$ cat work-v6.tsv   # TSV, N, CA and C atoms
chain	number	residue	atom	x	y	z
C	1364	MET	N	0.83	-1.18	0.00
C	1364	MET	CA	0.00	0.00	0.00
C	1364	MET	C	0.88	1.25	0.00
C	1365	THR	N	0.34	2.31	-0.51
C	1365	THR	CA	1.04	3.58	-0.53
C	1365	THR	C	0.98	4.22	0.85
C	1366	THR	N	2.07	4.85	1.28
C	1366	THR	CA	2.12	5.51	2.58
C	1366	THR	C	1.30	6.78	2.54
C	1367	PRO	N	0.44	7.01	3.56
C	1367	PRO	CA	-0.36	8.23	3.58
C	1367	PRO	C	0.50	9.44	3.86
C	1368	PRO	N	-0.01	10.63	3.54
C	1368	PRO	CA	0.76	11.85	3.82
C	1368	PRO	C	1.12	11.92	5.29
C	1369	THR	N	2.30	12.47	5.59
C	1369	THR	CA	2.75	12.55	6.97
C	1369	THR	C	2.80	13.98	7.47
C	1370	ASP	N	2.28	14.94	6.72
C	1370	ASP	CA	2.33	16.32	7.19
C	1370	ASP	C	1.44	16.49	8.41
C	1371	THR	N	1.73	17.52	9.21
C	1371	THR	CA	0.95	17.79	10.42
C	1371	THR	C	-0.39	18.35	10.03
C	1372	ASN	N	-1.44	17.76	10.54
C	1372	ASN	CA	-2.79	18.23	10.27
C	1372	ASN	C	-3.15	19.28	11.30
C	1373	ALA	N	-3.69	20.40	10.87
C	1373	ALA	CA	-4.00	21.51	11.78
C	1373	ALA	C	-4.96	21.09	12.88
C	1374	SER	N	-5.81	20.09	12.63
C	1374	SER	CA	-6.77	19.68	13.65
C	1374	SER	C	-6.12	18.93	14.79
C	1375	THR	N	-4.86	18.54	14.67
C	1375	THR	CA	-4.20	17.81	15.75
C	1375	THR	C	-3.15	18.63	16.47
C	1376	THR	N	-2.99	19.89	16.10
C	1376	THR	CA	-2.00	20.75	16.75
C	1376	THR	C	-2.66	22.03	17.25
C	1377	ASP	N	-2.06	22.61	18.30
C	1377	ASP	CA	-2.57	23.89	18.79
C	1377	ASP	C	-1.87	25.03	18.07
C	1378	SER	N	-2.12	26.27	18.49
C	1378	SER	CA	-1.57	27.44	17.80
C	1378	SER	C	-0.04	27.51	17.87
C	1379	THR	N	0.57	26.81	18.83
C	1379	THR	CA	2.03	26.82	18.94
C	1379	THR	C	2.67	25.65	18.19
C	1380	GLY	N	1.84	24.81	17.57
C	1380	GLY	CA	2.36	23.66	16.83
C	1380	GLY	C	2.51	22.40	17.66
C	1381	ARG	N	2.14	22.48	18.96
C	1381	ARG	CA	2.21	21.29	19.82
C	1381	ARG	C	1.05	20.36	19.52
C	1382	ASP	N	1.32	19.07	19.67
C	1382	ASP	CA	0.31	18.05	19.45
C	1382	ASP	C	-0.76	18.14	20.54
C	1383	ARG	N	-2.03	18.18	20.14
C	1383	ARG	CA	-3.12	18.28	21.10
C	1383	ARG	C	-3.67	16.92	21.50
C	1384	ARG	N	-3.15	15.85	20.97
C	1384	ARG	CA	-3.68	14.53	21.30
C	1384	ARG	C	-3.50	14.23	22.79
C	1385	ARG	N	-4.47	13.51	23.35
C	1385	ARG	CA	-4.41	13.15	24.77
C	1385	ARG	C	-3.44	12.01	25.03
C	1386	PHE	N	-3.21	11.16	24.03
C	1386	PHE	CA	-2.38	9.98	24.21
C	1386	PHE	C	-1.22	9.99	23.23
C	1387	ALA	N	-0.08	9.51	23.68
C	1387	ALA	CA	1.10	9.44	22.82
C	1387	ALA	C	0.88	8.43	21.70
C	1388	ARG	N	1.31	8.80	20.49
C	1388	ARG	CA	1.21	7.89	19.34
C	1388	ARG	C	2.49	7.09	19.23
C	1389	HIS	N	2.34	5.87	18.72
C	1389	HIS	CA	3.48	5.01	18.48
C	1389	HIS	C	3.36	4.43	17.07
C	1390	GLY	N	4.43	4.53	16.29
C	1390	GLY	CA	4.43	3.88	14.99
C	1390	GLY	C	4.25	2.39	15.19
C	1391	PHE	N	3.25	1.80	14.59
C	1391	PHE	CA	2.93	0.40	14.84
C	1391	PHE	C	2.18	-0.12	13.62
C	1392	VAL	N	2.84	-0.92	12.80
C	1392	VAL	CA	2.24	-1.42	11.57
C	1392	VAL	C	1.79	-2.86	11.80
C	1393	ARG	N	0.47	-3.07	11.76
C	1393	ARG	CA	-0.12	-4.39	11.94
C	1393	ARG	C	-1.33	-4.52	11.02
C	1394	PRO	N	-1.61	-5.72	10.54
C	1394	PRO	CA	-2.83	-5.92	9.76
C	1394	PRO	C	-4.05	-5.67	10.64
C	1395	CYS	N	-5.11	-5.20	10.02
C	1395	CYS	CA	-6.34	-4.96	10.76
C	1395	CYS	C	-7.53	-5.10	9.82
C	1396	LYS	N	-8.71	-5.01	10.41
C	1396	LYS	CA	-9.93	-4.99	9.61
C	1396	LYS	C	-10.89	-4.01	10.24
C	1397	VAL	N	-11.74	-3.44	9.39
C	1397	VAL	CA	-12.70	-2.43	9.82
C	1397	VAL	C	-14.08	-2.87	9.38
C	1398	GLN	N	-15.04	-2.77	10.29
C	1398	GLN	CA	-16.43	-3.09	9.97
C	1398	GLN	C	-17.27	-1.86	10.24
C	1399	ARG	N	-18.05	-1.47	9.25
C	1399	ARG	CA	-18.97	-0.35	9.43
C	1399	ARG	C	-20.14	-0.83	10.28
C	1400	ILE	N	-20.60	0.01	11.21
C	1400	ILE	CA	-21.73	-0.37	12.06
C	1400	ILE	C	-22.94	-0.62	11.16
C	1401	GLY	N	-23.59	-1.74	11.36
C	1401	GLY	CA	-24.74	-2.12	10.54
C	1401	GLY	C	-24.35	-2.95	9.33
C	1402	GLY	N	-23.05	-3.03	9.05
C	1402	GLY	CA	-22.58	-3.81	7.91
C	1402	GLY	C	-22.14	-5.19	8.34
C	1403	VAL	N	-22.01	-6.08	7.37
C	1403	VAL	CA	-21.55	-7.44	7.68
C	1403	VAL	C	-20.17	-7.71	7.09
C	1404	GLN	N	-19.75	-6.90	6.15
C	1404	GLN	CA	-18.45	-7.11	5.53
C	1404	GLN	C	-17.36	-6.33	6.27
C	1405	PHE	N	-16.14	-6.84	6.10
C	1405	PHE	CA	-14.97	-6.19	6.68
C	1405	PHE	C	-14.10	-5.65	5.57
C	1406	GLU	N	-13.47	-4.52	5.83
C	1406	GLU	CA	-12.53	-3.96	4.88
C	1406	GLU	C	-11.13	-4.15	5.44
C	1407	PRO	N	-10.22	-4.68	4.62
C	1407	PRO	CA	-8.86	-4.91	5.13
C	1407	PRO	C	-8.10	-3.60	5.27
C	1408	GLY	N	-7.18	-3.59	6.22
C	1408	GLY	CA	-6.38	-2.41	6.44
C	1408	GLY	C	-5.07	-2.75	7.12
C	1409	GLU	N	-4.35	-1.69	7.45
C	1409	GLU	CA	-3.07	-1.82	8.14
C	1409	GLU	C	-2.88	-0.58	8.99
C	1410	THR	N	-2.56	-0.78	10.27
C	1410	THR	CA	-2.32	0.38	11.12
C	1410	THR	C	-1.03	1.06	10.70
C	1411	THR	N	-0.98	2.36	10.89
C	1411	THR	CA	0.22	3.16	10.65
C	1411	THR	C	0.81	3.57	11.99
C	1412	ASN	N	-0.08	4.06	12.87
C	1412	ASN	CA	0.32	4.36	14.24
C	1412	ASN	C	-0.88	4.14	15.13
C	1413	ILE	N	-0.60	3.97	16.42
C	1413	ILE	CA	-1.66	3.73	17.39
C	1413	ILE	C	-1.39	4.53	18.66
C	1414	SER	N	-2.43	4.65	19.46
C	1414	SER	CA	-2.32	5.21	20.80
C	1414	SER	C	-3.39	4.55	21.64
C	1415	ALA	N	-3.44	4.88	22.91
C	1415	ALA	CA	-4.49	4.33	23.77
C	1415	ALA	C	-5.86	4.85	23.37
C	1416	GLY	N	-5.89	5.96	22.63
C	1416	GLY	CA	-7.16	6.58	22.26
C	1416	GLY	C	-7.61	6.38	20.83
C	1417	GLY	N	-6.74	5.83	19.97
C	1417	GLY	CA	-7.14	5.66	18.58
C	1417	GLY	C	-6.01	5.15	17.71
C	1418	ALA	N	-6.22	5.26	16.41
C	1418	ALA	CA	-5.23	4.75	15.45
C	1418	ALA	C	-5.36	5.47	14.12
C	1419	LEU	N	-4.30	5.40	13.34
C	1419	LEU	CA	-4.34	5.82	11.94
C	1419	LEU	C	-4.23	4.53	11.14
C	1420	ILE	N	-5.20	4.30	10.26
C	1420	ILE	CA	-5.29	3.05	9.52
C	1420	ILE	C	-5.35	3.33	8.03
C	1421	ARG	N	-4.57	2.58	7.26
C	1421	ARG	CA	-4.69	2.60	5.80
C	1421	ARG	C	-5.68	1.52	5.43
C	1422	ILE	N	-6.77	1.92	4.78
C	1422	ILE	CA	-7.84	0.98	4.44
C	1422	ILE	C	-7.93	0.83	2.94
C	1423	ALA	N	-8.04	-0.43	2.50
C	1423	ALA	CA	-8.26	-0.74	1.10
C	1423	ALA	C	-9.76	-0.94	0.92
C	1424	GLY	N	-10.39	-0.07	0.17
C	1424	GLY	CA	-11.82	-0.17	-0.06
C	1424	GLY	C	-12.27	0.90	-1.01
C	1425	ARG	N	-13.22	0.56	-1.84
C	1425	ARG	CA	-13.70	1.52	-2.84
C	1425	ARG	C	-14.66	2.55	-2.24
C	1426	ARG	N	-15.38	2.19	-1.19
C	1426	ARG	CA	-16.37	3.09	-0.61
C	1426	ARG	C	-15.70	3.94	0.47
C	1427	ALA	N	-15.67	5.24	0.26
C	1427	ALA	CA	-15.00	6.15	1.19
C	1427	ALA	C	-15.72	6.19	2.54
C	1428	MET	N	-14.94	6.29	3.58
C	1428	MET	CA	-15.49	6.48	4.92
C	1428	MET	C	-15.66	7.97	5.14
C	1429	GLY	N	-16.46	8.33	6.12
C	1429	GLY	CA	-16.69	9.73	6.41
C	1429	GLY	C	-16.47	10.05	7.87
C	1430	ALA	N	-16.04	11.27	8.15
C	1430	ALA	CA	-15.84	11.71	9.53
C	1430	ALA	C	-17.16	11.56	10.28
C	1431	GLY	N	-17.07	11.03	11.50
C	1431	GLY	CA	-18.25	10.81	12.32
C	1431	GLY	C	-18.84	9.42	12.19
C	1432	GLU	N	-18.43	8.68	11.17
C	1432	GLU	CA	-18.96	7.33	10.95
C	1432	GLU	C	-18.55	6.40	12.09
C	1433	GLN	N	-19.49	5.61	12.57
C	1433	GLN	CA	-19.24	4.64	13.63
C	1433	GLN	C	-18.76	3.33	13.01
C	1434	ILE	N	-17.67	2.79	13.54
C	1434	ILE	CA	-17.09	1.56	13.00
C	1434	ILE	C	-16.63	0.67	14.15
C	1435	ARG	N	-16.17	-0.53	13.79
C	1435	ARG	CA	-15.50	-1.42	14.74
C	1435	ARG	C	-14.17	-1.79	14.10
C	1436	VAL	N	-13.11	-1.76	14.91
C	1436	VAL	CA	-11.75	-1.99	14.42
C	1436	VAL	C	-11.17	-3.22	15.10
C	1437	GLY	N	-10.60	-4.11	14.30
C	1437	GLY	CA	-9.89	-5.27	14.83
C	1437	GLY	C	-8.46	-5.23	14.36
C	1438	VAL	N	-7.52	-5.26	15.30
C	1438	VAL	CA	-6.10	-5.22	14.98
C	1438	VAL	C	-5.48	-6.56	15.35
C	1439	ALA	N	-4.66	-7.10	14.46
C	1439	ALA	CA	-3.94	-8.35	14.74
C	1439	ALA	C	-2.74	-7.99	15.61
C	1440	TRP	N	-2.98	-7.86	16.91
C	1440	TRP	CA	-1.94	-7.43	17.85
C	1440	TRP	C	-0.80	-8.43	17.90
C	1441	GLU	N	-1.14	-9.68	17.82
C	1441	GLU	CA	-0.14	-10.75	17.84
C	1441	GLU	C	0.00	-11.28	16.42
C	1442	SER	N	0.72	-12.37	16.25
C	1442	SER	CA	0.92	-12.91	14.91
C	1442	SER	C	-0.29	-13.68	14.39
C	1443	ALA	N	-1.28	-13.93	15.24
C	1443	ALA	CA	-2.48	-14.65	14.79
C	1443	ALA	C	-3.20	-13.85	13.72
C	1444	GLY	N	-3.63	-14.53	12.67
C	1444	GLY	CA	-4.29	-13.85	11.56
C	1444	GLY	C	-5.79	-13.76	11.71
C	1445	VAL	N	-6.38	-14.53	12.63
C	1445	VAL	CA	-7.82	-14.55	12.79
C	1445	VAL	C	-8.22	-13.65	13.95
C	1446	LEU	N	-9.16	-12.76	13.70
C	1446	LEU	CA	-9.65	-11.86	14.73
C	1446	LEU	C	-11.08	-12.24	15.06
C	1447	THR	N	-11.37	-12.45	16.33
C	1447	THR	CA	-12.73	-12.78	16.73
C	1447	THR	C	-13.56	-11.51	16.85
C	1448	SER	N	-14.88	-11.67	16.78
C	1448	SER	CA	-15.75	-10.49	16.88
C	1448	SER	C	-15.60	-9.81	18.23
C	1449	GLY	N	-15.24	-10.56	19.28
C	1449	GLY	CA	-15.04	-9.98	20.60
C	1449	GLY	C	-13.82	-9.09	20.69
C	1450	SER	N	-12.91	-9.20	19.72
C	1450	SER	CA	-11.70	-8.38	19.75
C	1450	SER	C	-11.87	-7.07	19.00
C	1451	LEU	N	-13.04	-6.82	18.44
C	1451	LEU	CA	-13.28	-5.59	17.70
C	1451	LEU	C	-13.59	-4.45	18.66
C	1452	LEU	N	-12.93	-3.32	18.44
C	1452	LEU	CA	-13.12	-2.14	19.29
C	1452	LEU	C	-14.06	-1.15	18.62
C	1453	PRO	N	-15.11	-0.70	19.33
C	1453	PRO	CA	-15.96	0.35	18.76
C	1453	PRO	C	-15.16	1.64	18.64
C	1454	ALA	N	-15.34	2.32	17.51
C	1454	ALA	CA	-14.58	3.55	17.26
C	1454	ALA	C	-15.40	4.49	16.38
C	1455	ARG	N	-14.87	5.70	16.24
C	1455	ARG	CA	-15.49	6.73	15.39
C	1455	ARG	C	-14.43	7.29	14.47
C	1456	VAL	N	-14.77	7.47	13.21
C	1456	VAL	CA	-13.86	8.07	12.24
C	1456	VAL	C	-13.78	9.57	12.53
C	1457	VAL	N	-12.56	10.08	12.69
C	1457	VAL	CA	-12.40	11.52	12.95
C	1457	VAL	C	-11.81	12.27	11.76
C	1458	ARG	N	-11.12	11.55	10.88
C	1458	ARG	CA	-10.51	12.21	9.71
C	1458	ARG	C	-10.24	11.17	8.64
C	1459	VAL	N	-10.42	11.56	7.38
C	1459	VAL	CA	-10.16	10.66	6.25
C	1459	VAL	C	-9.35	11.43	5.20
C	1460	VAL	N	-8.28	10.79	4.71
C	1460	VAL	CA	-7.48	11.37	3.64
C	1460	VAL	C	-7.39	10.32	2.53
C	1461	ALA	N	-7.82	10.70	1.33
C	1461	ALA	CA	-7.72	9.78	0.19
C	1461	ALA	C	-6.25	9.60	-0.18
C	1462	ILE	N	-5.87	8.34	-0.43
C	1462	ILE	CA	-4.51	8.04	-0.87
C	1462	ILE	C	-4.51	7.84	-2.38
C	1463	ASP	N	-5.42	7.02	-2.87
C	1463	ASP	CA	-5.62	6.81	-4.30
C	1463	ASP	C	-7.05	6.31	-4.48
C	1464	HIS	N	-7.40	5.79	-5.66
C	1464	HIS	CA	-8.78	5.36	-5.92
C	1464	HIS	C	-9.25	4.22	-5.01
C	1465	HIS	N	-8.33	3.46	-4.46
C	1465	HIS	CA	-8.73	2.28	-3.70
C	1465	HIS	C	-8.23	2.26	-2.25
C	1466	HIS	N	-7.57	3.32	-1.79
C	1466	HIS	CA	-7.02	3.35	-0.44
C	1466	HIS	C	-7.28	4.71	0.20
C	1467	GLN	N	-7.47	4.67	1.51
C	1467	GLN	CA	-7.67	5.90	2.27
C	1467	GLN	C	-6.99	5.77	3.62
C	1468	ALA	N	-6.51	6.88	4.15
C	1468	ALA	CA	-5.95	6.92	5.50
C	1468	ALA	C	-7.08	7.40	6.40
C	1469	VAL	N	-7.40	6.59	7.41
C	1469	VAL	CA	-8.53	6.88	8.28
C	1469	VAL	C	-8.04	7.00	9.72
C	1470	ALA	N	-8.25	8.17	10.31
C	1470	ALA	CA	-7.92	8.38	11.73
C	1470	ALA	C	-9.15	8.02	12.53
C	1471	VAL	N	-8.99	7.13	13.50
C	1471	VAL	CA	-10.12	6.70	14.31
C	1471	VAL	C	-9.86	6.97	15.78
C	1472	GLN	N	-10.94	7.24	16.50
C	1472	GLN	CA	-10.88	7.42	17.95
C	1472	GLN	C	-11.71	6.30	18.56
C	1473	TYR	N	-11.09	5.54	19.47
C	1473	TYR	CA	-11.81	4.47	20.14
C	1473	TYR	C	-12.93	5.06	20.99
C	1474	GLU	N	-14.02	4.31	21.10
C	1474	GLU	CA	-15.14	4.75	21.93
C	1474	GLU	C	-14.68	4.99	23.37
C	1475	ARG	N	-13.84	4.07	23.85
C	1475	ARG	CA	-13.22	4.21	25.18
C	1475	ARG	C	-11.74	3.95	25.01
C	1476	PRO	N	-10.89	4.77	25.64
C	1476	PRO	CA	-9.44	4.52	25.53
C	1476	PRO	C	-9.10	3.12	26.03
C	1477	ILE	N	-8.07	2.54	25.43
C	1477	ILE	CA	-7.59	1.24	25.87
C	1477	ILE	C	-6.84	1.45	27.17
C	1478	SER	N	-7.21	0.71	28.21
C	1478	SER	CA	-6.52	0.86	29.49
C	1478	SER	C	-5.28	-0.02	29.50
C	1479	ASP	N	-4.35	0.29	30.38
C	1479	ASP	CA	-3.12	-0.50	30.50
C	1479	ASP	C	-3.40	-1.92	30.94
C	1480	ALA	N	-4.58	-2.17	31.51
C	1480	ALA	CA	-4.90	-3.49	32.03
C	1480	ALA	C	-5.45	-4.44	30.96
C	1481	THR	N	-5.83	-3.92	29.80
C	1481	THR	CA	-6.43	-4.79	28.79
C	1481	THR	C	-5.36	-5.63	28.12
C	1482	PRO	N	-5.73	-6.84	27.67
C	1482	PRO	CA	-4.76	-7.69	26.96
C	1482	PRO	C	-4.23	-7.00	25.70
C	1483	ILE	N	-5.06	-6.22	25.05
C	1483	ILE	CA	-4.63	-5.54	23.83
C	1483	ILE	C	-3.52	-4.55	24.16
C	1484	ALA	N	-3.71	-3.76	25.21
C	1484	ALA	CA	-2.69	-2.78	25.58
C	1484	ALA	C	-1.40	-3.47	26.00
C	1485	SER	N	-1.51	-4.56	26.77
C	1485	SER	CA	-0.33	-5.30	27.20
C	1485	SER	C	0.42	-5.86	26.01
C	1486	SER	N	-0.32	-6.42	25.06
C	1486	SER	CA	0.29	-6.99	23.86
C	1486	SER	C	0.99	-5.91	23.05
C	1487	THR	N	0.32	-4.78	22.89
C	1487	THR	CA	0.89	-3.68	22.12
C	1487	THR	C	2.16	-3.17	22.78
C	1488	GLN	N	2.11	-2.97	24.10
C	1488	GLN	CA	3.28	-2.46	24.80
C	1488	GLN	C	4.43	-3.44	24.73
C	1489	ALA	N	4.15	-4.73	24.87
C	1489	ALA	CA	5.20	-5.75	24.79
C	1489	ALA	C	5.83	-5.77	23.40
C	1490	THR	N	5.00	-5.67	22.37
C	1490	THR	CA	5.52	-5.66	21.01
C	1490	THR	C	6.36	-4.42	20.75
C	1491	MET	N	5.89	-3.25	21.21
C	1491	MET	CA	6.64	-2.02	21.02
C	1491	MET	C	7.96	-2.07	21.78
C	1492	ASN	N	7.95	-2.62	23.01
C	1492	ASN	CA	9.17	-2.76	23.78
C	1492	ASN	C	10.17	-3.67	23.07
C	1493	ALA	N	9.69	-4.78	22.52
C	1493	ALA	CA	10.56	-5.72	21.81
C	1493	ALA	C	11.17	-5.05	20.59
C	1494	ARG	N	10.39	-4.27	19.87
C	1494	ARG	CA	10.91	-3.58	18.68
C	1494	ARG	C	11.95	-2.54	19.08
C	1495	ALA	N	11.70	-1.82	20.16
C	1495	ALA	CA	12.66	-0.80	20.62
C	1495	ALA	C	13.96	-1.46	21.03
C	1496	THR	N	13.87	-2.61	21.71
C	1496	THR	CA	15.08	-3.34	22.12
C	1496	THR	C	15.85	-3.81	20.90
C	1497	ALA	N	15.15	-4.32	19.89
C	1497	ALA	CA	15.80	-4.79	18.67
C	1497	ALA	C	16.48	-3.64	17.94
C	1498	ARG	N	15.84	-2.48	17.90
C	1498	ARG	CA	16.45	-1.32	17.23
C	1498	ARG	C	17.70	-0.87	17.97
C	1499	ALA	N	17.63	-0.89	19.30
C	1499	ALA	CA	18.77	-0.45	20.10
C	1499	ALA	C	19.96	-1.42	19.94
C	1500	ALA	N	19.66	-2.70	19.75
C	1500	ALA	CA	20.74	-3.70	19.59
C	1500	ALA	C	21.35	-3.66	18.21
C	1501	ALA	N	20.62	-3.12	17.23
C	1501	ALA	CA	21.11	-3.10	15.84
C	1501	ALA	C	22.19	-2.05	15.62

$ encode --input "work-v6.tsv" --output "structure tokens"
Amino acid sequence: MTTPPTDTNASTTDSTGRDRRRFARHGFVRPCKVQRIGGVQFEPGETTNISAGGALIRIAGRRAMGAGEQIRVGVAWESAGVLTSGSLLPARVVRVVAIDHHHQAVAVQYERPISDATPIASSTQATMNARATARAAA
């Protein structure tokens, strides 16, 4: 997939250029799927970055998503390729940037932030720690 634009979006920074997000973002590329509320099909995607409050996802799909749209997001936090319906997080689309005719970058905000106690947060933190250790050793 093509990498989405990386420029700073005015809606995420204050007048001094500081990031207004409540949660720190971490570059984290993992396969995922998105389901529109009321729909039965899933659209494949890949996370670009994540935080406890949301994610930026590259989605392959012909039908554009819209800001405010309610969705459910499933991220393959571990190497397992199958995601159960119980692992889907309710979320809301906050921003969409078209990449090309078949891909879009979608910023989502989870309905509730992921707490440090959830298995998803633990898995994500462990994976990020392992990657940081590997980078430091290289």

$ closest_atom_pairs --input "work-v6.tsv" --of "range 1414-1483 of chain C" --to "range 1402-1410 of chain C" --cutoff "6.5 Å" --atoms "all atoms listed in the file" --output "CSV"
residue,atom,partner,partner_atom,distance
C:Leu1419,C,C:Thr1410,CA,4.6
C:Ile1420,CA,C:Thr1410,CA,4.3
C:Arg1421,N,C:Glu1409,C,4.0
C:Ile1422,CA,C:Gly1408,CA,4.2
C:Ala1423,N,C:Pro1407,C,4.2
C:Gly1424,CA,C:Glu1406,CA,6.3

$ atom_distance --input "work-v6.tsv" --atom1 "atom C of Ala1499 in chain C" --atom2 "atom N of Pro1394 in chain C"
23.9 Å

$ atom_distance --input "work-v6.tsv" --atom1 "atom N of Arg1475 in chain C" --atom2 "atom N of Ala1439 in chain C"
17.2 Å

$ atom_distance --input "work-v6.tsv" --atom1 "atom N of Ile1477 in chain C" --atom2 "atom N of Gly1431 in chain C"
18.6 Å

$ closest_residue --input "work-v6.tsv" --among "C:Ser1450, C:Ala1468, C:Val1436, C:Lys1396" --to "Gly1417 in chain C" --atoms "only C-alpha atoms"
C:Val1436

$ residues_around --input "work-v6.tsv" --residues "Glu1432 in chain C" --least-positions-apart "5" --cutoff "8 Å" --atoms "all atoms listed in the file" --output "NGL selection string"
:C and (1399-1400 or 1454-1458)

$ write_last_selection --input "work-v6.tsv" --atoms "N, CA and C atoms" --output "tab-separated table (two decimals), in the frame of the given file"
chain	number	residue	atom	x	y	z
C	1399	ARG	N	-18.05	-1.47	9.25
C	1399	ARG	CA	-18.97	-0.35	9.43
C	1399	ARG	C	-20.14	-0.83	10.28
C	1400	ILE	N	-20.60	0.01	11.21
C	1400	ILE	CA	-21.73	-0.37	12.06
C	1400	ILE	C	-22.94	-0.62	11.16
C	1454	ALA	N	-15.34	2.32	17.51
C	1454	ALA	CA	-14.58	3.55	17.26
C	1454	ALA	C	-15.40	4.49	16.38
C	1455	ARG	N	-14.87	5.70	16.24
C	1455	ARG	CA	-15.49	6.73	15.39
C	1455	ARG	C	-14.43	7.29	14.47
C	1456	VAL	N	-14.77	7.47	13.21
C	1456	VAL	CA	-13.86	8.07	12.24
C	1456	VAL	C	-13.78	9.57	12.53
C	1457	VAL	N	-12.56	10.08	12.69
C	1457	VAL	CA	-12.40	11.52	12.95
C	1457	VAL	C	-11.81	12.27	11.76
C	1458	ARG	N	-11.12	11.55	10.88
C	1458	ARG	CA	-10.51	12.21	9.71
C	1458	ARG	C	-10.24	11.17	8.64

$ closest_residue --input "work-v6.tsv" --among "C:Pro1453, C:Gly1429, C:Gly1401, C:Gly1390" --to "Val1469 in chain C" --atoms "only C-alpha atoms"
C:Gly1429
